[in-house]
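Below: structure.txt (compact mmCIF, C-alpha atoms and all ligand atoms)
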```txt
# COMPACT_ATOMS: atom_id res chain seq x y z
CA MET A 1 0.00 0.00 0.00
CA ARG A 2 2.89 2.35 0.69
CA CYS A 3 4.21 1.69 -2.80
CA LEU A 4 0.84 2.37 -4.36
CA GLU A 5 0.56 5.60 -2.39
CA ALA A 6 4.02 6.61 -3.58
CA VAL A 7 3.06 5.83 -7.18
CA GLY A 8 -0.05 7.96 -6.71
CA ALA A 9 2.01 10.84 -5.32
CA ALA A 10 4.55 10.62 -8.15
CA PHE A 11 2.01 10.41 -10.95
CA GLY A 12 -0.86 12.45 -9.55
CA HIS A 13 -3.40 9.76 -8.68
CA THR A 14 -5.36 9.20 -5.51
CA PHE A 15 -6.11 5.61 -4.59
CA THR A 16 -8.79 4.81 -2.04
CA PHE A 17 -8.11 1.74 0.10
CA GLN A 18 -10.58 -0.33 2.01
CA GLU A 19 -9.43 -3.28 4.11
CA ALA A 20 -11.44 -6.48 4.35
CA MET A 21 -10.88 -9.88 5.93
CA ILE A 22 -10.36 -13.24 4.23
CA GLY A 23 -9.02 -16.57 5.45
CA GLY A 24 -7.90 -17.27 8.99
CA CYS A 25 -8.64 -13.86 10.53
CA ALA A 26 -12.10 -13.90 8.93
CA ILE A 27 -12.80 -17.36 10.35
CA ASP A 28 -11.81 -16.12 13.80
CA ALA A 29 -13.92 -12.99 13.56
CA THR A 30 -17.00 -14.32 11.75
CA GLY A 31 -16.70 -18.08 11.30
CA ASN A 32 -16.64 -17.52 7.52
CA PRO A 33 -13.41 -17.42 5.48
CA LEU A 34 -15.05 -15.03 2.99
CA PRO A 35 -17.58 -12.86 4.87
CA ASP A 36 -20.30 -11.04 2.94
CA ALA A 37 -18.77 -7.71 3.95
CA THR A 38 -15.60 -8.74 2.13
CA ILE A 39 -17.49 -9.78 -0.98
CA GLN A 40 -19.26 -6.42 -0.96
CA ALA A 41 -16.04 -4.48 -0.48
CA CYS A 42 -14.43 -6.38 -3.39
CA ALA A 43 -17.48 -5.84 -5.59
CA ALA A 44 -17.27 -2.10 -4.94
CA ALA A 45 -13.55 -1.95 -5.76
CA ASP A 46 -11.66 -1.67 -9.05
CA ALA A 47 -9.16 -4.28 -7.88
CA VAL A 48 -8.18 -6.38 -4.89
CA LEU A 49 -4.68 -6.64 -3.44
CA LEU A 50 -4.63 -9.82 -1.40
CA GLY A 51 -2.40 -11.05 1.39
CA ALA A 52 -2.28 -14.72 2.32
CA VAL A 53 -5.05 -16.78 3.82
CA GLY A 54 -3.77 -19.50 6.15
CA GLY A 55 -1.62 -20.39 9.12
CA PRO A 56 -0.97 -23.27 11.52
CA LYS A 57 -3.97 -22.33 13.63
CA TRP A 58 -6.31 -23.15 10.74
CA SER A 59 -4.29 -25.78 8.93
CA ASP A 60 -6.25 -28.93 9.82
CA PRO A 61 -7.24 -30.18 6.35
CA THR A 62 -10.23 -32.05 7.83
CA ALA A 63 -11.77 -28.94 9.44
CA PRO A 64 -15.14 -28.15 7.86
CA VAL A 65 -14.24 -24.46 7.54
CA ARG A 66 -10.79 -23.70 6.07
CA PRO A 67 -9.03 -20.49 4.96
CA GLU A 68 -8.44 -21.84 1.44
CA GLN A 69 -12.19 -22.00 0.88
CA GLY A 70 -12.27 -18.21 1.09
CA LEU A 71 -9.73 -17.89 -1.70
CA LEU A 72 -11.44 -20.41 -3.97
CA LYS A 73 -14.82 -18.78 -3.33
CA LEU A 74 -13.42 -15.34 -4.11
CA ARG A 75 -12.05 -16.59 -7.44
CA GLY A 76 -15.32 -18.31 -8.26
CA ARG A 77 -17.57 -15.44 -7.12
CA PHE A 78 -15.82 -12.91 -9.36
CA GLY A 79 -15.27 -15.27 -12.30
CA LEU A 80 -11.48 -14.91 -12.14
CA PHE A 81 -10.74 -17.68 -14.60
CA ALA A 82 -7.26 -16.63 -15.72
CA ASN A 83 -4.36 -16.62 -13.29
CA LEU A 84 -1.22 -14.91 -14.63
CA ARG A 85 1.99 -15.92 -12.91
CA PRO A 86 5.06 -14.41 -14.49
CA VAL A 87 8.34 -16.07 -13.52
CA ARG A 88 11.63 -14.54 -14.50
CA ALA A 89 15.12 -15.28 -13.38
CA TRP A 90 16.76 -12.26 -11.83
CA PRO A 91 20.45 -12.26 -12.79
CA ALA A 92 21.33 -10.73 -9.42
CA LEU A 93 19.68 -13.66 -7.63
CA ALA A 94 20.88 -16.50 -9.84
CA ARG A 95 23.11 -17.85 -7.11
CA TYR A 96 20.13 -18.43 -4.78
CA ALA A 97 18.35 -20.58 -7.34
CA PRO A 98 19.08 -24.30 -7.19
CA LEU A 99 19.81 -24.37 -10.94
CA ARG A 100 23.09 -23.57 -12.68
CA ALA A 101 23.31 -19.88 -13.57
CA ASP A 102 23.84 -20.63 -17.29
CA LEU A 103 20.48 -22.43 -17.40
CA LEU A 104 18.76 -19.40 -15.91
CA GLU A 105 19.96 -16.92 -18.49
CA GLY A 106 17.03 -15.24 -20.22
CA VAL A 107 14.36 -17.15 -18.28
CA ASP A 108 11.09 -15.26 -18.63
CA ILE A 109 7.94 -17.39 -18.51
CA LEU A 110 4.35 -16.30 -18.23
CA PHE A 111 2.22 -19.05 -16.71
CA VAL A 112 -1.48 -18.80 -17.46
CA ARG A 113 -3.36 -21.06 -15.07
CA GLU A 114 -7.07 -21.79 -15.42
CA LEU A 115 -8.46 -20.80 -12.04
CA THR A 116 -12.18 -21.46 -11.66
CA GLY A 117 -12.66 -24.90 -13.18
CA GLY A 118 -11.09 -28.33 -13.32
CA ILE A 119 -10.65 -30.65 -10.39
CA TYR A 120 -10.58 -27.87 -7.76
CA PHE A 121 -14.16 -26.97 -8.68
CA GLY A 122 -15.56 -30.22 -10.07
CA PRO A 123 -18.19 -32.52 -8.56
CA ARG A 124 -16.93 -34.11 -5.36
CA GLU A 125 -18.06 -36.29 -2.58
CA GLU A 126 -16.64 -36.58 0.87
CA GLN A 127 -18.37 -38.91 3.26
CA GLY A 128 -17.09 -37.90 6.66
CA GLU A 129 -14.84 -40.69 7.85
CA GLY A 130 -16.21 -43.02 5.16
CA ASP A 131 -14.07 -45.24 2.96
CA ARG A 132 -14.57 -43.35 -0.28
CA ALA A 133 -14.10 -39.81 -1.55
CA TYR A 134 -13.63 -38.29 -4.97
CA ASP A 135 -12.97 -35.11 -6.90
CA THR A 136 -13.67 -34.71 -10.59
CA MET A 137 -11.66 -33.03 -13.29
CA LEU A 138 -14.32 -31.50 -15.47
CA TYR A 139 -13.77 -28.95 -18.23
CA THR A 140 -16.13 -27.49 -20.79
CA VAL A 141 -15.10 -26.10 -24.17
CA PRO A 142 -16.00 -22.48 -23.28
CA GLU A 143 -13.96 -22.69 -20.07
CA VAL A 144 -10.90 -23.83 -21.98
CA GLU A 145 -11.44 -21.40 -24.85
CA ARG A 146 -11.54 -18.26 -22.74
CA VAL A 147 -8.37 -19.01 -20.80
CA ALA A 148 -6.59 -20.19 -23.96
CA ARG A 149 -7.36 -16.83 -25.58
CA VAL A 150 -5.70 -15.07 -22.66
CA ALA A 151 -2.57 -17.15 -23.23
CA PHE A 152 -2.45 -16.61 -27.00
CA ALA A 153 -3.11 -12.88 -26.69
CA ALA A 154 -0.31 -12.59 -24.13
CA ALA A 155 2.08 -14.51 -26.39
CA ARG A 156 1.52 -11.93 -29.13
CA ASN A 157 3.14 -9.33 -26.89
CA ARG A 158 5.98 -11.67 -26.03
CA ARG A 159 7.93 -14.33 -27.95
CA HIS A 160 4.95 -15.83 -29.80
CA ARG A 161 5.07 -19.29 -28.27
CA VAL A 162 2.42 -21.08 -26.21
CA THR A 163 3.12 -24.39 -24.50
CA SER A 164 -0.11 -26.00 -23.34
CA VAL A 165 0.35 -28.45 -20.48
CA ASP A 166 -2.05 -31.37 -20.12
CA LYS A 167 -2.31 -35.10 -19.49
CA ALA A 168 -4.15 -35.96 -22.68
CA ASN A 169 -2.64 -39.45 -22.78
CA VAL A 170 -4.66 -40.44 -19.72
CA LEU A 171 -7.47 -37.99 -18.89
CA ALA A 172 -10.57 -37.36 -20.99
CA ALA A 173 -10.92 -33.82 -19.64
CA MET A 174 -7.40 -33.16 -20.82
CA ARG A 175 -8.13 -34.50 -24.30
CA LEU A 176 -10.92 -31.95 -24.51
CA TRP A 177 -8.44 -29.39 -23.23
CA ARG A 178 -5.89 -30.22 -25.95
CA ARG A 179 -8.48 -30.28 -28.74
CA THR A 180 -9.94 -26.93 -27.65
CA VAL A 181 -6.57 -25.22 -27.25
CA THR A 182 -5.61 -26.42 -30.74
CA GLN A 183 -8.84 -24.97 -32.16
CA VAL A 184 -8.31 -21.62 -30.44
CA GLY A 185 -4.71 -21.62 -31.64
CA ALA A 186 -5.91 -21.62 -35.24
CA ASP A 187 -7.06 -18.03 -34.63
CA TYR A 188 -3.49 -17.09 -33.73
CA PRO A 189 -1.40 -18.37 -36.67
CA ASP A 190 1.47 -16.09 -35.66
CA VAL A 191 1.80 -17.88 -32.32
CA ALA A 192 3.56 -21.26 -32.22
CA LEU A 193 1.55 -23.76 -30.19
CA GLU A 194 2.88 -26.94 -28.72
CA HIS A 195 1.40 -29.42 -26.30
CA ALA A 196 3.34 -30.93 -23.43
CA LEU A 197 2.39 -33.70 -21.05
CA VAL A 198 2.57 -32.46 -17.51
CA ASP A 199 4.97 -35.12 -16.28
CA SER A 200 7.63 -34.46 -18.89
CA PHE A 201 6.95 -30.72 -18.73
CA THR A 202 7.92 -30.65 -15.06
CA MET A 203 11.26 -32.09 -16.08
CA ASN A 204 11.83 -29.92 -19.15
CA VAL A 205 10.98 -26.66 -17.43
CA LEU A 206 14.00 -27.25 -15.21
CA ARG A 207 16.23 -28.57 -17.99
CA TRP A 208 15.57 -25.77 -20.50
CA PRO A 209 13.68 -23.06 -18.64
CA SER A 210 14.69 -20.32 -21.08
CA TYR A 211 12.95 -22.18 -23.92
CA PHE A 212 9.46 -21.49 -22.57
CA ASP A 213 7.47 -18.32 -23.23
CA VAL A 214 3.76 -18.59 -22.33
CA VAL A 215 2.75 -21.78 -20.53
CA LEU A 216 -0.96 -22.56 -20.36
CA ALA A 217 -2.31 -25.11 -17.86
CA GLY A 218 -5.46 -26.21 -16.11
CA ASN A 219 -6.16 -25.43 -12.49
CA MET A 220 -4.38 -28.25 -10.67
CA PHE A 221 -1.41 -28.65 -12.99
CA GLY A 222 -1.01 -24.87 -13.06
CA ASP A 223 -0.98 -24.80 -9.27
CA ILE A 224 1.77 -27.39 -9.11
CA ILE A 225 4.04 -26.28 -11.96
CA THR A 226 4.04 -22.63 -10.85
CA ASP A 227 5.37 -23.55 -7.41
CA GLU A 228 7.97 -25.71 -9.15
CA ALA A 229 8.97 -22.93 -11.55
CA SER A 230 9.14 -20.37 -8.76
CA VAL A 231 12.58 -21.68 -7.83
CA LEU A 232 13.84 -20.21 -11.11
CA ALA A 233 13.33 -16.75 -9.63
CA GLY A 234 15.59 -17.49 -6.68
CA SER A 235 12.83 -17.20 -4.08
CA LEU A 236 9.10 -17.74 -3.85
CA GLY A 237 9.01 -14.29 -2.28
CA MET A 238 9.77 -12.67 -5.64
CA LEU A 239 6.67 -13.78 -7.49
CA PRO A 240 3.52 -11.79 -8.18
CA SER A 241 0.25 -12.96 -9.70
CA ALA A 242 -2.93 -11.59 -11.20
CA SER A 243 -6.29 -13.34 -11.29
CA LEU A 244 -8.46 -11.91 -14.02
CA GLY A 245 -11.94 -12.37 -15.40
CA ALA A 246 -13.71 -10.95 -18.40
CA GLY A 247 -13.40 -7.29 -17.41
CA THR A 248 -10.65 -5.21 -15.83
CA PHE A 249 -11.42 -6.26 -12.24
CA GLY A 250 -8.75 -8.51 -10.78
CA VAL A 251 -7.29 -9.99 -7.61
CA TYR A 252 -3.55 -9.52 -7.18
CA GLU A 253 -1.48 -11.51 -4.76
CA PRO A 254 2.03 -12.77 -4.26
CA ILE A 255 2.18 -16.47 -4.99
CA HIS A 256 3.82 -17.22 -1.66
CA GLY A 257 1.63 -18.26 1.24
CA SER A 258 1.45 -16.95 4.79
CA ALA A 259 4.94 -18.25 5.70
CA PRO A 260 4.02 -19.07 9.33
CA ASP A 261 7.67 -19.65 10.25
CA ILE A 262 8.45 -15.95 9.80
CA ALA A 263 5.00 -14.40 10.33
CA GLY A 264 5.01 -11.26 12.46
CA LYS A 265 8.81 -10.88 12.39
CA GLY A 266 8.87 -8.17 9.75
CA VAL A 267 11.34 -10.05 7.57
CA ALA A 268 9.18 -11.26 4.69
CA ASN A 269 10.27 -10.40 1.17
CA PRO A 270 7.78 -7.78 -0.08
CA VAL A 271 8.76 -8.07 -3.76
CA GLY A 272 6.00 -10.53 -4.70
CA THR A 273 3.41 -8.19 -3.24
CA ILE A 274 4.94 -5.03 -4.70
CA LEU A 275 5.09 -6.60 -8.16
CA SER A 276 1.48 -7.74 -7.69
CA ALA A 277 0.58 -4.10 -7.07
CA ALA A 278 2.37 -3.25 -10.33
CA MET A 279 0.24 -5.83 -12.15
CA LEU A 280 -2.83 -4.27 -10.52
CA LEU A 281 -1.85 -0.86 -11.89
CA ARG A 282 -1.37 -2.33 -15.35
CA HIS A 283 -4.34 -4.68 -15.72
CA SER A 284 -7.10 -3.19 -13.57
CA LEU A 285 -6.29 0.52 -13.65
CA GLY A 286 -4.73 0.76 -17.11
CA LEU A 287 -1.70 2.60 -15.66
CA GLU A 288 1.12 1.06 -17.70
CA GLN A 289 3.71 3.77 -17.08
CA GLU A 290 3.08 3.65 -13.35
CA ALA A 291 3.33 -0.14 -13.34
CA ALA A 292 6.61 -0.01 -15.22
CA ALA A 293 7.98 2.60 -12.79
CA LEU A 294 7.19 0.40 -9.80
CA GLU A 295 8.79 -2.62 -11.50
CA ALA A 296 11.85 -0.55 -12.37
CA ALA A 297 12.08 0.56 -8.74
CA VAL A 298 12.14 -3.05 -7.54
CA GLU A 299 14.80 -3.86 -10.11
CA ALA A 300 16.88 -0.86 -9.04
CA ALA A 301 16.59 -1.79 -5.37
CA LEU A 302 17.88 -5.28 -6.14
CA ALA A 303 20.64 -3.90 -8.34
CA GLN A 304 21.74 -1.72 -5.41
CA GLY A 305 22.13 -4.89 -3.39
CA ALA A 306 19.04 -4.52 -1.20
CA ARG A 307 18.18 -7.99 0.07
CA THR A 308 15.71 -9.60 2.44
CA ALA A 309 16.79 -12.73 4.29
CA ASP A 310 15.39 -15.19 1.73
CA ILE A 311 17.63 -13.76 -0.99
CA GLY A 312 20.59 -12.81 1.17
CA GLU A 313 23.88 -14.54 1.81
CA PRO A 314 23.78 -16.68 4.94
CA GLY A 315 25.18 -14.61 7.78
CA ALA A 316 25.15 -11.37 5.78
CA GLU A 317 22.98 -8.41 6.77
CA ALA A 318 19.41 -8.75 5.55
CA LEU A 319 16.90 -5.92 5.39
CA SER A 320 13.55 -6.07 7.12
CA THR A 321 10.39 -5.92 5.02
CA GLY A 322 10.03 -2.23 5.90
CA ALA A 323 13.66 -1.33 5.22
CA PHE A 324 13.63 -3.10 1.86
CA THR A 325 10.44 -1.25 0.95
CA GLU A 326 12.15 2.04 1.85
CA VAL A 327 14.82 1.29 -0.73
CA VAL A 328 12.14 0.54 -3.34
CA LEU A 329 10.38 3.80 -2.48
CA SER A 330 13.55 5.81 -2.89
CA CYS A 331 14.21 4.11 -6.24
CA LEU A 332 10.64 4.83 -7.28
CA VAL A 333 11.21 8.54 -6.90
CA GLU A 334 14.15 8.16 -9.30
CA ALA A 335 12.20 5.94 -11.73
CA ALA A 336 9.28 8.38 -11.81
CA LYS A 337 11.46 11.32 -12.81
CA PRO A 338 10.84 12.21 -16.47
C1 LIG B 401 -2.39 -21.05 -4.94
C2 LIG B 401 -2.69 -21.79 -3.67
C3 LIG B 401 -4.18 -22.04 -3.60
C4 LIG B 401 -4.56 -22.91 -4.79
C5 LIG B 401 -4.67 -22.67 -2.31
C6 LIG B 401 -4.26 -21.87 -1.11
C7 LIG B 401 -6.18 -22.86 -2.33
O1 LIG B 401 -1.96 -22.96 -3.61
O2 LIG B 401 -2.93 -19.95 -5.13
O3 LIG B 401 -1.61 -21.55 -5.74
O4 LIG B 401 -4.43 -24.11 -4.73
O5 LIG B 401 -4.97 -22.35 -5.80
MG MG B 402 -0.50 -23.12 -5.10
```

Kindly present the structure from the file in structure tokens form.
Ligand code: IPM
Ligand code: MG
Amino acid sequence: MRCLEAVGAAFGHTFTFQEAMIGGCAIDATGNPLPDATIQACAAADAVLLGAVGGPKWSDPTAPVRPEQGLLKLRGRFGLFANLRPVRAWPALARYAPLRADLLEGVDILFVRELTGGIYFGPREEQGEGDRAYDTMLYTVPEVERVARVAFAAARNRRHRVTSVDKANVLAAMRLWRRTVTQVGADYPDVALEHALVDSFTMNVLRWPSYFDVVLAGNMFGDIITDEASVLAGSLGMLPSASLGAGTFGVYEPIHGSAPDIAGKGVANPVGTILSAAMLLRHSLGLEQEAAALEAAVEAALAQGARTADIGEPGAEALSTGAFTEVVLSCLVEAAKP
């Protein structure tokens, strides 16, 4: 929020913030991980900047009310079917990534994850302590078409390649996925489309990460491969995301979770959240120049050597969340100068 306020001050905008609860704190206060007041506040807003939803206190996966339900309901309620997760390798952080630096050169992948369908939203049955439970991977052609279009359109502004990840050799829903993506791809002859099976993709994205441009995947596979690919950036704390629907409204959140081991210590890496705010400026508010200035400020802060603990040398001085943000803010003033 401080970064957004600074962007507003530099570029002459006033942003109005309203805070609302989701996840664990909302369960504690209301018993509901996505209270109606929160839904109303989101509906009244141009965009939502989201924190993280869970913590050890609410982590029992068998509890009837769980923080994650709030997140899934929010995505469903606002029809946020396309989840954009850009992953780039930061040269300055290459040594914190578990891959060889030469493999990381030029890595810049945009993951487009389907977010409101598939097995996370399909028919399910859970019979208490019974001996059977199931979830269903179900996709319809329109669901696949609309998210595929997001991927192809994005590729046109990038390196013109879409890799669609599926498991068409086993799953019927994924055969429909592949067929539909191929059909949509015909409308984008300037974009090279290839299909990859999720198992071999997980291997290849670590062997040749710089090969990939836009990667399109269904809900569950997209969930898994984006956590995997996050290591390319050097730290999960670096990664932003945008969840978009048909209009300009979106939910923006770092892809990291609530990091209970460091919660409340003031040492979290704010970059994922700051870059999420930049995506918010770009996609929901149409403020491209402002978004670019905020991204440039983060880059400049890193180039100056500003580091939080997750991207610092062991034993070396690491900045707190607040101190790191100060460096970004000072760089923003520079970046905003004409
Ligand atoms: C994510 C998270 C969520 C998901 C959880 C918290 C419901 O893992 O955003 O990737 O599975 O989508
Ligand atoms: Mg996830």

So that I can check the surroundings of region 62-72 of chain A, please list as a ChimeraX atom specification every protein, DNA and RNA residue that reaches within 7 Å of it, counting all atoms listed in the file and ignoring chain neighbours fewer than 4 positions away. /A:22-24,33-34,53-54,58,76

Restricting the calculation to all atoms listed in the file, which member of A:Val181, A:Val198, A:Val215, A:Val141 is positioned closest to Thr163 (chain A)? A:Val215

Within 7 Å of region 165-177 of chain A, which residues of region 185-260 of chain A come that close, and what is the closest atom pair and distance in Å for each? Count all atoms listed in the file and give it as CSV.
```
residue,atom,partner,partner_atom,distance
A:His195,CA,A:Val165,CA,6.0
A:Ala196,CA,A:Val165,CA,4.9
A:Leu197,CA,A:Asp166,CA,5.1
A:Val198,CA,A:Asp166,CA,5.4
A:Leu216,CA,A:Val165,CA,6.0
A:Ala217,CA,A:Val165,CA,5.0
```

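Of the residues under consideration (A:Ala43, A:Leu285, A:Ile255, A:Leu329), A:Ile255 shows the shortest atom-to-atom contact distance to ligand MG 402 (chain B) when counting all atoms listed in the file.
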
Taking all atoms listed in the file into account, which residues have an atom no farther than 8 Å from ligand MG 402 (chain B)? I'd like them as a compact mmCIF listing (two decimals) with C-alpha atoms, keeping the file's coordinate frame.
```
# COMPACT_ATOMS: atom_id res chain seq x y z
CA ASP A 223 -0.98 -24.80 -9.27
CA ILE A 224 1.77 -27.39 -9.11
CA THR A 226 4.04 -22.63 -10.85
CA ASP A 227 5.37 -23.55 -7.41
CA ILE A 255 2.18 -16.47 -4.99
```

Enclose all atoms of ligand LIG 401 (chain B) listed in the file in an axis-aligned box, grow every side by 4 Å, and hand back centre and edge lengths in Å to one decimal, as AutoDock Vina command-line options.
```
--center_x -3.9 --center_y -22.0 --center_z -3.5 --size_x 12.6 --size_y 12.2 --size_z 12.7
```

Residues near Val191 (chain A), cut-off 10 Å, only C-alpha atoms, skip fewer than 2 positions along chain, as a list of chain:residue names: A:Phe152, A:Ala153, A:Ala154, A:Ala155, A:Arg156, A:Arg158, A:Arg159, A:His160, A:Arg161, A:Val162, A:Gly185, A:Ala186, A:Asp187, A:Tyr188, A:Pro189, A:Leu193, A:Glu194

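Coordinates place CA of Gly312 (chain A) at a distance of 17.2 Å from CA of Ala259 (chain A).
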
Selected residue of minimal separation from Ile262 (chain A) among A:Ala309, A:Ala301, A:Leu281, A:Met220, counting all atoms listed in the file: A:Ala309

Tell me, in Å to one decimal, how far CA of Thr140 (chain A) is from CA of Gly247 (chain A). 20.7 Å

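Closest to ligand LIG 401 (chain B) among A:Met137, A:Ala297, A:Val251, A:Ala306 is A:Val251, based on all atoms listed in the file.
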
Separation of CA of Gly51 (chain A) and CA of Ser276 (chain A), in Å?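 Interatomic distance, CA of Gly51 (chain A) to CA of Ser276 (chain A): 10.4 Å.
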
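Residues in contact with region 323-326 of chain A at up to 8 Å, not including ones fewer than 2 positions away on its chain and judged by all atoms listed in the file, are A:Cys3, A:Pro270, A:Ala301, A:Ala306, A:Arg307, A:Thr308, A:Leu319, A:Ser320, A:Thr321, A:Val328, A:Leu329, A:Ser330.
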
Let me make sure I understand: among A:Asp261, A:Asp213, A:Asp310, A:Glu114, which one has the smallest atom-to-atom distance to ligand LIG 401 (chain B) if we use all atoms listed in the file?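 The shortest atom-to-atom distance to ligand LIG 401 (chain B) comes from A:Glu114.
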
Selected residue of minimal separation from ligand LIG 401 (chain B) among A:Glu288, A:Glu145, A:Glu253, A:Asp36, counting all atoms listed in the file: A:Glu253

Name the residues in contact with Val298 (chain A) at a cut-off of 9 Å, using only C-alpha atoms, excluding same-chain residues fewer than 3 positions from it; report them as an MDAnalysis selection string. chainID A and resid 271 274:275 293:295 301:303 325 327:329 331:332

For Leu49 (chain A), please output as a VMD selection string all residues within 10 Å (counting only C-alpha atoms; exclusion window: fewer than 4 positions along the same chain). chain A and resid 1 17 19 42 242 250 to 254 273 to 274 276 to 277 280

Taking the point (-15.2, -35.1, -5.9) as given in the file, collect each protein or nucleic acid residue that comes within 6 Å of it, counting all atoms listed in the file, and present the set as an MDAnalysis selection string. chainID A and resid 123:125 134:136

Since the input is missing atoms for region 106-121 of chain A, could you rebuild it with N, CA, C and O atoms and give the result as a PDB file, in the frame of the given file?
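Result saved to rebuild09.pdb:
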```
ATOM      1  N   GLY A 106      18.145 -15.564 -19.333  1.00  0.00           N
ATOM      2  CA  GLY A 106      17.030 -15.240 -20.220  1.00  0.00           C
ATOM      3  C   GLY A 106      15.707 -15.886 -19.838  1.00  0.00           C
ATOM      4  O   GLY A 106      14.748 -15.823 -20.599  1.00  0.00           O
ATOM      5  N   VAL A 107      15.622 -16.500 -18.666  1.00  0.00           N
ATOM      6  CA  VAL A 107      14.360 -17.150 -18.280  1.00  0.00           C
ATOM      7  C   VAL A 107      13.281 -16.095 -18.017  1.00  0.00           C
ATOM      8  O   VAL A 107      13.466 -15.178 -17.213  1.00  0.00           O
ATOM      9  N   ASP A 108      12.198 -16.212 -18.733  1.00  0.00           N
ATOM     10  CA  ASP A 108      11.090 -15.260 -18.630  1.00  0.00           C
ATOM     11  C   ASP A 108       9.838 -15.998 -19.112  1.00  0.00           C
ATOM     12  O   ASP A 108       9.586 -16.099 -20.304  1.00  0.00           O
ATOM     13  N   ILE A 109       9.101 -16.554 -18.177  1.00  0.00           N
ATOM     14  CA  ILE A 109       7.940 -17.390 -18.510  1.00  0.00           C
ATOM     15  C   ILE A 109       6.682 -16.736 -17.952  1.00  0.00           C
ATOM     16  O   ILE A 109       6.680 -16.249 -16.818  1.00  0.00           O
ATOM     17  N   LEU A 110       5.650 -16.728 -18.747  1.00  0.00           N
ATOM     18  CA  LEU A 110       4.350 -16.300 -18.230  1.00  0.00           C
ATOM     19  C   LEU A 110       3.454 -17.535 -18.124  1.00  0.00           C
ATOM     20  O   LEU A 110       3.062 -18.117 -19.140  1.00  0.00           O
ATOM     21  N   PHE A 111       3.159 -17.941 -16.901  1.00  0.00           N
ATOM     22  CA  PHE A 111       2.220 -19.050 -16.710  1.00  0.00           C
ATOM     23  C   PHE A 111       0.806 -18.496 -16.713  1.00  0.00           C
ATOM     24  O   PHE A 111       0.526 -17.491 -16.044  1.00  0.00           O
ATOM     25  N   VAL A 112      -0.057 -19.142 -17.468  1.00  0.00           N
ATOM     26  CA  VAL A 112      -1.480 -18.800 -17.460  1.00  0.00           C
ATOM     27  C   VAL A 112      -2.207 -20.042 -16.949  1.00  0.00           C
ATOM     28  O   VAL A 112      -2.264 -21.072 -17.617  1.00  0.00           O
ATOM     29  N   ARG A 113      -2.705 -19.928 -15.732  1.00  0.00           N
ATOM     30  CA  ARG A 113      -3.360 -21.060 -15.070  1.00  0.00           C
ATOM     31  C   ARG A 113      -4.872 -20.847 -15.074  1.00  0.00           C
ATOM     32  O   ARG A 113      -5.339 -19.777 -14.665  1.00  0.00           O
ATOM     33  N   GLU A 114      -5.605 -21.854 -15.517  1.00  0.00           N
ATOM     34  CA  GLU A 114      -7.070 -21.790 -15.420  1.00  0.00           C
ATOM     35  C   GLU A 114      -7.417 -21.835 -13.934  1.00  0.00           C
ATOM     36  O   GLU A 114      -6.851 -22.625 -13.190  1.00  0.00           O
ATOM     37  N   LEU A 115      -8.344 -20.989 -13.481  1.00  0.00           N
ATOM     38  CA  LEU A 115      -8.460 -20.800 -12.040  1.00  0.00           C
ATOM     39  C   LEU A 115      -9.832 -21.088 -11.439  1.00  0.00           C
ATOM     40  O   LEU A 115      -9.979 -21.131 -10.224  1.00  0.00           O
ATOM     41  N   THR A 116     -10.842 -21.265 -12.254  1.00  0.00           N
ATOM     42  CA  THR A 116     -12.180 -21.460 -11.660  1.00  0.00           C
ATOM     43  C   THR A 116     -12.848 -22.739 -12.133  1.00  0.00           C
ATOM     44  O   THR A 116     -14.068 -22.892 -12.004  1.00  0.00           O
ATOM     45  N   GLY A 117     -12.067 -23.643 -12.717  1.00  0.00           N
ATOM     46  CA  GLY A 117     -12.660 -24.900 -13.180  1.00  0.00           C
ATOM     47  C   GLY A 117     -11.761 -26.073 -12.809  1.00  0.00           C
ATOM     48  O   GLY A 117     -10.950 -25.994 -11.892  1.00  0.00           O
ATOM     49  N   GLY A 118     -11.937 -27.162 -13.548  1.00  0.00           N
ATOM     50  CA  GLY A 118     -11.090 -28.330 -13.320  1.00  0.00           C
ATOM     51  C   GLY A 118     -11.379 -29.011 -11.991  1.00  0.00           C
ATOM     52  O   GLY A 118     -12.438 -28.835 -11.380  1.00  0.00           O
ATOM     53  N   ILE A 119     -10.415 -29.766 -11.540  1.00  0.00           N
ATOM     54  CA  ILE A 119     -10.650 -30.650 -10.390  1.00  0.00           C
ATOM     55  C   ILE A 119     -10.837 -29.888  -9.081  1.00  0.00           C
ATOM     56  O   ILE A 119     -11.419 -30.416  -8.121  1.00  0.00           O
ATOM     57  N   TYR A 120     -10.383 -28.633  -8.996  1.00  0.00           N
ATOM     58  CA  TYR A 120     -10.580 -27.870  -7.760  1.00  0.00           C
ATOM     59  C   TYR A 120     -12.027 -27.398  -7.621  1.00  0.00           C
ATOM     60  O   TYR A 120     -12.445 -26.956  -6.551  1.00  0.00           O
ATOM     61  N   PHE A 121     -12.779 -27.443  -8.723  1.00  0.00           N
ATOM     62  CA  PHE A 121     -14.160 -26.970  -8.680  1.00  0.00           C
ATOM     63  C   PHE A 121     -15.160 -28.030  -9.148  1.00  0.00           C
ATOM     64  O   PHE A 121     -16.344 -27.767  -9.227  1.00  0.00           O
TER      65      PHE A 121
END
```
